[in-house]
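Right, one structure below, let's go through it.
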Amino acid sequence: MAYILTSAKFGSRPHNTGKQLCSFSQRMDYEITIDHQNGQRMVKHNTNIKYGPNKQVVLSVDGGVESTSPLKARVESSLTYPGSNWAFIESVEERRPKEYHHNMQIRADSHESIEINSVYKMEPRHELKADVTTQNLRPIKIEGFLKPDPKNFEGHAEVTYGSDRYAGDATWVFNGRRMALSTRSAVEVSYPGRTVKAEGEFTRQRSTANGKLDVMWDVNRDPNKKVTVFGEVDANPDQPRFQVKTQWYPNQKVEVSGTFKNDGKGWYHVERDLEGSLNAVTSFRYRRRESRDQHNTNGVSNCAPEVGYL
């Protein structure tokens, strides 16, 4: 299916016939000419706007699809107005199955230009490589890939501007199911002079779960400059416990742990004995220890806390 629109004119300029196409105001002096052709695999367009004394704007587009399997298409366009002349050329070609090569050229006034060459692959993962060339800037390179697997995710993005490199990486690995699982993940960001990295892991075996997180803010120079957080929880209904450790550079730490004991017929009964102990250790001058014993019988609660510094 195609349609053609040629020589559609609107304006208030007099023509050789001595007639005006349409008149909106005596002060308006313009003329618009549109030529357009459109088909399933081609398009041609030209718009010419004349206004004022010897001024005009011209937009032209000429493009088409040579084939759809494999894909091959090209389009050229230009824009001219008083003082400037722009040209756009763009093409895309599927040189291998699901591998697309793309080229774009932008030129302005014959002395400024931008060219982008890129390659996009869809298998076995999504990959993109692009080179950007301009007259007034250093060369730019863009690279990246993405593997959107929910159990084995990988992502990478990188931009190189001259000799400066900016990059980001992310990974995620998942194994197991809800009651018995393990995950590992990492994120890394690099820029001139520094690399920041975060690594984490989490495991669960029935009622016990533990996790660890490391954040390193200067990996290349000193990987010991980091913050580490470790946590563990055992949700046993009779003897629950937890532990949290935090360490950061150079030699600072805070540790908090707690153990509890529930003697009774269950959490849904009023009569039960609950005992608990909390322990906090820091790298500061003192260590604080707190224990708490609680007895609850027929709605009456007795609590005996003990706090000491060691």
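Letters A, B, ... go to the chains of the structure tokens in the order shown; residues in each chain start at 1; ligands are counted from 1 in the same order.
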
### Task
Can you list, as a ChimeraX atom specification, all residues belonging to stretch 2-235 of chain A that DSSP tags as strand (DSSP E or B)?
/A:3-11,14,20,30-38,42-51,55-68,71-81,84-96,99-108,112-121,126-134,140-147,152-161,164-177,180-191,194-205,208-216,226-234

Spatial neighbours of A:Pro240, 10 Å, only C-alpha atoms, chain gap at least 3 places, as a compact mmCIF listing (two decimals) with N, CA and C atoms, in the first residue's frame:
```txt
# COMPACT_ATOMS: atom_id res chain seq x y z
N SER A 207 15.79 -22.80 58.92
CA SER A 207 15.55 -21.66 59.81
C SER A 207 16.78 -20.78 60.00
N THR A 208 17.91 -21.16 59.40
CA THR A 208 19.15 -20.40 59.59
C THR A 208 19.48 -19.64 58.31
N VAL A 233 21.18 -15.25 61.51
CA VAL A 233 19.94 -15.40 62.28
C VAL A 233 19.52 -16.85 62.25
N ASP A 234 19.18 -17.36 63.41
CA ASP A 234 18.59 -18.69 63.53
C ASP A 234 17.20 -18.52 64.12
N ALA A 235 16.20 -18.74 63.32
CA ALA A 235 14.82 -18.52 63.74
C ALA A 235 14.19 -19.77 64.35
N ASN A 236 14.97 -20.55 65.05
CA ASN A 236 14.43 -21.71 65.77
C ASN A 236 13.41 -21.22 66.79
N PRO A 237 12.18 -21.73 66.82
CA PRO A 237 11.17 -21.19 67.73
C PRO A 237 11.48 -21.45 69.20
N GLY A 258 22.88 -12.08 70.25
CA GLY A 258 21.81 -12.37 71.20
C GLY A 258 21.36 -13.80 71.10
N THR A 259 21.09 -14.40 72.26
CA THR A 259 20.55 -15.76 72.30
C THR A 259 19.33 -15.75 73.21
N PHE A 260 18.36 -16.56 72.87
CA PHE A 260 17.11 -16.61 73.61
C PHE A 260 16.69 -18.07 73.81
N LYS A 261 15.90 -18.27 74.86
CA LYS A 261 15.39 -19.60 75.14
C LYS A 261 13.93 -19.49 75.52
N ASN A 262 13.12 -20.24 74.85
CA ASN A 262 11.68 -20.20 75.10
C ASN A 262 11.24 -21.57 75.60
N GLY A 276 16.76 -14.46 77.76
CA GLY A 276 17.53 -13.88 76.68
C GLY A 276 18.82 -13.28 77.16
```

### Task
Write out as a PyMOL selection string which residues come within 10 Å of A:Ile114 when counting only C-alpha atoms, dropping same-chain ones fewer than 5 positions away.
chain A and resi 88+104-108+132-137

The selected residues should be written to file as an mmCIF file, in the first residue's frame (atoms: C-alpha atoms).
```
data_model
loop_
_atom_site.group_PDB
_atom_site.id
_atom_site.type_symbol
_atom_site.label_atom_id
_atom_site.label_comp_id
_atom_site.auth_asym_id
_atom_site.auth_seq_id
_atom_site.Cartn_x
_atom_site.Cartn_y
_atom_site.Cartn_z
ATOM 1 C CA PHE A 88 22.061 13.143 8.002
ATOM 2 C CA MET A 104 25.178 7.410 11.398
ATOM 3 C CA GLN A 105 26.799 10.525 9.966
ATOM 4 C CA ILE A 106 25.844 14.073 10.846
ATOM 5 C CA ARG A 107 27.432 17.000 9.031
ATOM 6 C CA ALA A 108 26.875 20.696 9.613
ATOM 7 C CA VAL A 132 31.930 8.084 18.178
ATOM 8 C CA THR A 133 34.159 10.406 16.154
ATOM 9 C CA THR A 134 33.877 14.191 16.155
ATOM 10 C CA GLN A 135 36.121 16.979 14.964
ATOM 11 C CA ASN A 136 36.280 18.924 18.214
ATOM 12 C CA LEU A 137 36.327 16.109 20.822
#
```

Can you build me a table of stretch 19-131 of chain A residues sitting at most 10 Å from stretch 156-162 of chain A, with the closest atom pair per residue and its distance in Å to one decimal, using only C-alpha atoms, sorted by chain and residue number, as a tab-separated table?
```
residue	atom	partner	partner_atom	distance
A:Glu127	CA	A:His156	CA	9.3
A:Leu128	CA	A:Ala157	CA	9.2
A:Lys129	CA	A:Glu158	CA	9.5
A:Ala130	CA	A:Val159	CA	9.6
A:Asp131	CA	A:Thr160	CA	9.6
```

### Contacts of A:Val92 at 7 Å (only C-alpha atoms; same-chain gap of 2+ positions) as a PyMOL selection string
chain A and resi 72-74+94+100-103

Excluding A:Gln205 and residues on its chain fewer than 3 positions from it, collect all residues at most 7 Å away from it, counting only C-alpha atoms, and give them as a CSV table (one decimal) with N, CA and C atoms, in the first residue's frame.
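Writing the result to around-v2.csv gives the following:
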```csv
chain,number,residue,atom,x,y,z
A,179,MET,N,13.7,-22.4,50.8
A,179,MET,CA,14.1,-22.9,52.1
A,179,MET,C,15.6,-23.3,52.1
A,180,ALA,N,16.2,-23.4,51.0
A,180,ALA,CA,17.6,-23.8,50.9
A,180,ALA,C,18.2,-23.1,49.7
A,181,LEU,N,18.8,-22.0,49.9
A,181,LEU,CA,19.3,-21.2,48.7
A,181,LEU,C,20.6,-20.5,49.1
A,208,THR,N,17.9,-21.2,59.4
A,208,THR,CA,19.2,-20.4,59.6
A,208,THR,C,19.5,-19.6,58.3
A,209,ALA,N,19.8,-18.4,58.5
A,209,ALA,CA,20.2,-17.5,57.3
A,209,ALA,C,21.4,-16.7,57.7
```

### Task
Return the single residue from A:Lys212, A:Lys44, A:Arg221, A:Arg178 that is closest to A:Gly193, with distances computed using only C-alpha atoms.
A:Arg221

### Task
Kindly give the distance, in Å, that separates atom CA of A:Ser283 and atom CA of A:Trp217, rounded to a single decimal.
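Separating atom CA of A:Ser283 from atom CA of A:Trp217 is a distance of 21.6 Å.
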
### Of the listed residues A:Thr80, A:Asn224, A:Asn279, A:Ser69, that which approaches A:Gln243 most closely, counting only C-alpha atoms
A:Asn279

### Task
Have a look at A:Phe145, A:Glu76, A:Lys121, A:Ile32 and name the one nearest to A:Lys98; count only C-alpha atoms.
A:Lys121

### Message
Can you tell me which residues surround A:Asn210 at a distance of at most 6 Å, considering only C-alpha atoms, apart from same-chain residues fewer than 2 positions away, and format the answer as a PyMOL selection string?
### Response
chain A and resi 202-203+231-232

### Message
At a cut-off of 10 Å, using only C-alpha atoms, what residues contact A:Asn48? Leave out same-chain residues fewer than 3 positions from it and give the result as a PyMOL selection string.
### Response
chain A and resi 9+31-35+51+56-60+80

### Task
Have a look at atom CA of A:His111 and atom CA of A:Lys55 and let me know their distance in Å, one decimal.
22.6 Å

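Distance-wise, atom CA of A:Asn152 and atom CA of A:Tyr191 end up 25.7 Å apart.
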